[in-house]
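Colleague: Here it is: the structure, laid out below.
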Amino acid sequence: MPQRLSASQEPGWGEPGEPDPLSQVRRRARQRLGQQQGALVGALGDAVYRRATAETLQGLTEDPDGVVDFLAHAVEVLDDRPPGELALRVGERDATTVVEIAADDAPFLVSTVLEELRDAGEEVTEVVHPVVGVERDAHGRLARLGSARDAPARESFIWLRLGRRLADAERDHLRDRLSRVLGDARAATADFAAMTARAETVAAELRRRGPLRWDPGEVEEVAALLEWLLDDHFVWLGARDYRLVDTGDGPGLVVDADSGLGVMRDPAGSSFAEPVPLTSLPPEAAMGLGTDQPLTVSRTNRRSTVHKRVRMISLSITALNDRGEPAAERRFLGLFAQRAYAEPASTTPVLRRKLEAILTAEDVVGHSHDERALRTLFEALPKHELFAVDTEQLRATIVELLEAQRRQDVALWCHAESAGRGIVAVLTLPRERFNAGLRQRVQQVLAEHFGAEEIDYHLSLAEGEAALLHFLLHVDPRAIERVDLDAVERRVVEMASTWDDAVAGELHRSVGSQEHAQRLAERYRGAFDEAYQAATGPGEAATDIAALEAVRTGDDPVTLRLVATGDPRTPLRARLVKRGAEVELSAFVPLLESLGFVVVEQVPHRLLPAARSTSPLTTRAWPRPLARSGTSVPRPTCSTAWSSTRA
């Protein structure tokens, strides 16, 4: 990070000849603290405020002593830190709790702390994070602070203000949490070179020995994937090797105690500290050795403590001996980098091979509509799911999704996650129906049915007409056997359905021919305005459509029906359909009056172009009271007379 220009180089602030605010802070620091300490404070101030707005800089002049005090305290924290160690303080300032961290500069320090504070439920109201080039004397004390960009040694100072004041016990607990995750972050960055060197070695070993057991093309793809990940597509967090040994109950795994790197340095907590037979392991633990595959990719149950609080990606590569026999499991943990998500799955090693196998199995012609549709859907699925699912299951899922999207259906599929870590639910629906509220309601339904307290989701609004929602429910995969999947899908489909969908359902129930019902649904989809939909239920709309079709295709240009609700306080409804010119109210109302009705209201609805019809008419009327001695007759009403002039 370049240092801010010195006072003699910086343009002035305010009136001509007036020194800029940072110059005033530097001058005040030298006056109060002396030349040496003042220079350190001034250099840190340059790093803290180098990107500040003009308004913020001008505000420094309101309390220059307060600014000097803050910077001097930060210099003290940096100065007191023994080189190579982490300084972590959780204290108070202005009636709130503040967190102060000084460390050798490394990636992920700030993001790791922010994620941990968010996970702890703490609000962060202010963050200060200067990175400075540092020179220390023979005793390890600060001698000079300067530009960070080209400095041989860089250090970070992180200062965060929380939204509340923590009690003493809370501060101690938070300090322990931050110390743990910062230790993980520092271990991951310290072992980065060792982890990437190991990945390079594994790729070379695969190319040399892999073809002794597996298809050479598959082996090459796995090696190419490791090299692709090494090209800034993966955040390497941990690595460990597991040796294949004879347990007396068959082959088993035992941890190589000296192989741990990053967040997997300490073997003490490993489930494989003692040999464990493969036959006793669930699929996610046996990984490639349990399936005789060169590579297994899955997501861990454990969330990352470094950088992002998400489930980590586990890469397990089966290592062979010189005879082509499985000898070890070489495992890496990490996160896909943003660059990995930005690049197409269709060009990613291993995934591109899966895609080509699916295209071949489906006999898809290159550059055809089918190929574009299949590729679009392939790209829409989460990368971690594409890696985890075997090619045949992935093919079946994509084919079903394509068919549902072709019909513009809402459809839901549920299946056990391939590595046995939960249940996957995939929902496809027309893009215009998706909204955040619907996603939350669907997630709640899945949680209720499967008993899931934790659900991850991925949304894809890729090119095309459909939205794709992918949920991972962190539950025992066997829960899927106890759930009525049809009932879950019905609830979700109903939740995502529109009024037109409900009308189509009524048509399918009321029309004998399903093919004819489908044609009617398509003809009248989108034909009714919002006012009509609000006033008319799907069942009544289906009856109106039948009347419209009778007038449109029959000899009689008019149909009229009265609809009684059974409640004398509720209007009767007269619904009229007429082919030809619009209904003339001056002629139609007297006709109703001659039948004993008093017309009290007419509300027109206009059919939209989808059904090539216009000008529906809604009329409300009362029957005339019948005079009887000593009696009073309630006045029911006729509420809807509905006509189409161009049916």
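Residues in the structure tokens are numbered from 1 in each chain, the chains being A, B, ... in the order shown, and ligands are numbered from 1 in the order shown.
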For A:Asp258, find every residue with an atom within 10 Å (counting only C-alpha atoms), except residues of its own chain fewer than 3 positions away, and show them as number ranges by chain.

Modeller: A: 240-241, 255, 261, 265-267

Colleague: Would you write out those residues with all heavy atoms, as a PDB file, in the first residue's frame?

Modeller:
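Written out: again-v8.pdb:
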```
ATOM      1  N   ARG A 240      -3.769 -32.927   4.357  1.00  0.00           N
ATOM      2  CA  ARG A 240      -3.339 -34.028   5.215  1.00  0.00           C
ATOM      3  C   ARG A 240      -3.361 -35.314   4.393  1.00  0.00           C
ATOM      4  O   ARG A 240      -4.182 -35.455   3.487  1.00  0.00           O
ATOM      5  CB  ARG A 240      -4.261 -34.152   6.423  1.00  0.00           C
ATOM      6  CG  ARG A 240      -3.817 -35.178   7.460  1.00  0.00           C
ATOM      7  CD  ARG A 240      -4.822 -35.287   8.581  1.00  0.00           C
ATOM      8  NE  ARG A 240      -4.740 -34.139   9.488  1.00  0.00           N
ATOM      9  CZ  ARG A 240      -5.700 -33.806  10.357  1.00  0.00           C
ATOM     10  NH1 ARG A 240      -6.812 -34.513  10.406  1.00  0.00           N
ATOM     11  NH2 ARG A 240      -5.533 -32.775  11.150  1.00  0.00           N
ATOM     12  N   ASP A 241      -2.460 -36.232   4.713  1.00  0.00           N
ATOM     13  CA  ASP A 241      -2.413 -37.536   4.042  1.00  0.00           C
ATOM     14  C   ASP A 241      -2.897 -38.628   4.986  1.00  0.00           C
ATOM     15  O   ASP A 241      -2.684 -38.552   6.206  1.00  0.00           O
ATOM     16  CB  ASP A 241      -0.980 -37.865   3.597  1.00  0.00           C
ATOM     17  CG  ASP A 241      -0.492 -36.950   2.486  1.00  0.00           C
ATOM     18  OD1 ASP A 241      -1.336 -36.259   1.882  1.00  0.00           O
ATOM     19  OD2 ASP A 241       0.728 -36.923   2.239  1.00  0.00           O
ATOM     20  N   VAL A 255      -4.120 -41.735   9.850  1.00  0.00           N
ATOM     21  CA  VAL A 255      -3.568 -40.445   9.498  1.00  0.00           C
ATOM     22  C   VAL A 255      -2.041 -40.501   9.503  1.00  0.00           C
ATOM     23  O   VAL A 255      -1.424 -41.177  10.339  1.00  0.00           O
ATOM     24  CB  VAL A 255      -4.069 -39.366  10.486  1.00  0.00           C
ATOM     25  CG1 VAL A 255      -3.518 -39.582  11.885  1.00  0.00           C
ATOM     26  CG2 VAL A 255      -3.718 -37.976   9.998  1.00  0.00           C
ATOM     27  N   LEU A 261      -1.078 -29.780   7.264  1.00  0.00           N
ATOM     28  CA  LEU A 261      -0.739 -28.405   6.895  1.00  0.00           C
ATOM     29  C   LEU A 261      -1.958 -27.514   7.102  1.00  0.00           C
ATOM     30  O   LEU A 261      -3.101 -27.966   7.015  1.00  0.00           O
ATOM     31  CB  LEU A 261      -0.274 -28.320   5.446  1.00  0.00           C
ATOM     32  CG  LEU A 261       1.003 -29.068   5.061  1.00  0.00           C
ATOM     33  CD1 LEU A 261       1.194 -29.037   3.545  1.00  0.00           C
ATOM     34  CD2 LEU A 261       2.217 -28.474   5.771  1.00  0.00           C
ATOM     35  N   ARG A 265      -3.158 -28.981  10.549  1.00  0.00           N
ATOM     36  CA  ARG A 265      -1.833 -29.234  11.129  1.00  0.00           C
ATOM     37  C   ARG A 265      -1.885 -30.253  12.262  1.00  0.00           C
ATOM     38  O   ARG A 265      -1.085 -31.168  12.337  1.00  0.00           O
ATOM     39  CB  ARG A 265      -1.251 -27.933  11.678  1.00  0.00           C
ATOM     40  CG  ARG A 265      -0.532 -27.064  10.671  1.00  0.00           C
ATOM     41  CD  ARG A 265       0.022 -25.845  11.403  1.00  0.00           C
ATOM     42  NE  ARG A 265       0.730 -24.930  10.508  1.00  0.00           N
ATOM     43  CZ  ARG A 265       1.277 -23.784  10.915  1.00  0.00           C
ATOM     44  NH1 ARG A 265       1.181 -23.438  12.198  1.00  0.00           N
ATOM     45  NH2 ARG A 265       1.901 -22.998  10.057  1.00  0.00           N
ATOM     46  N   ASP A 266      -2.826 -30.083  13.160  1.00  0.00           N
ATOM     47  CA  ASP A 266      -2.854 -30.880  14.390  1.00  0.00           C
ATOM     48  C   ASP A 266      -3.592 -32.194  14.146  1.00  0.00           C
ATOM     49  O   ASP A 266      -4.798 -32.184  13.886  1.00  0.00           O
ATOM     50  CB  ASP A 266      -3.544 -30.086  15.501  1.00  0.00           C
ATOM     51  CG  ASP A 266      -3.503 -30.815  16.837  1.00  0.00           C
ATOM     52  OD1 ASP A 266      -2.878 -31.888  16.917  1.00  0.00           O
ATOM     53  OD2 ASP A 266      -4.108 -30.298  17.793  1.00  0.00           O
ATOM     54  N   PRO A 267      -2.916 -33.334  14.248  1.00  0.00           N
ATOM     55  CA  PRO A 267      -3.586 -34.620  14.011  1.00  0.00           C
ATOM     56  C   PRO A 267      -4.321 -35.149  15.234  1.00  0.00           C
ATOM     57  O   PRO A 267      -4.995 -36.181  15.157  1.00  0.00           O
ATOM     58  CB  PRO A 267      -2.424 -35.547  13.651  1.00  0.00           C
ATOM     59  CG  PRO A 267      -1.279 -35.012  14.446  1.00  0.00           C
ATOM     60  CD  PRO A 267      -1.478 -33.509  14.513  1.00  0.00           C
TER      61      PRO A 267
END
```

Colleague: Can you pull out the residues contacting A:Val41? Cut-off 8 Å, using only C-alpha atoms, and skip same-chain residues under 5 positions away; I want them as a count of residues only.

Modeller: 6

Colleague: Report the residues of stretch 212-321 of chain A whose backbone DSSP state falls under strand (DSSP E), written as a PyMOL selection string.

Modeller: chain A and resi 234-246+251-255+261-262+276-277+295-303+311-320

Colleague: Using only C-alpha atoms, which of the listed residues (A:Arg573, A:Asp544, A:Arg395, A:Pro382) sits closest to A:Glu362?

Modeller: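 With only C-alpha atoms as the atom set, the closest residue is A:Arg395.
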
Colleague: Can you list, as an MDAnalysis selection string, every residue of stretch 525-596 of chain A that DSSP puts in alpha helix (DSSP H)?

Modeller: chainID A and resid 530:535 538:553 585:594
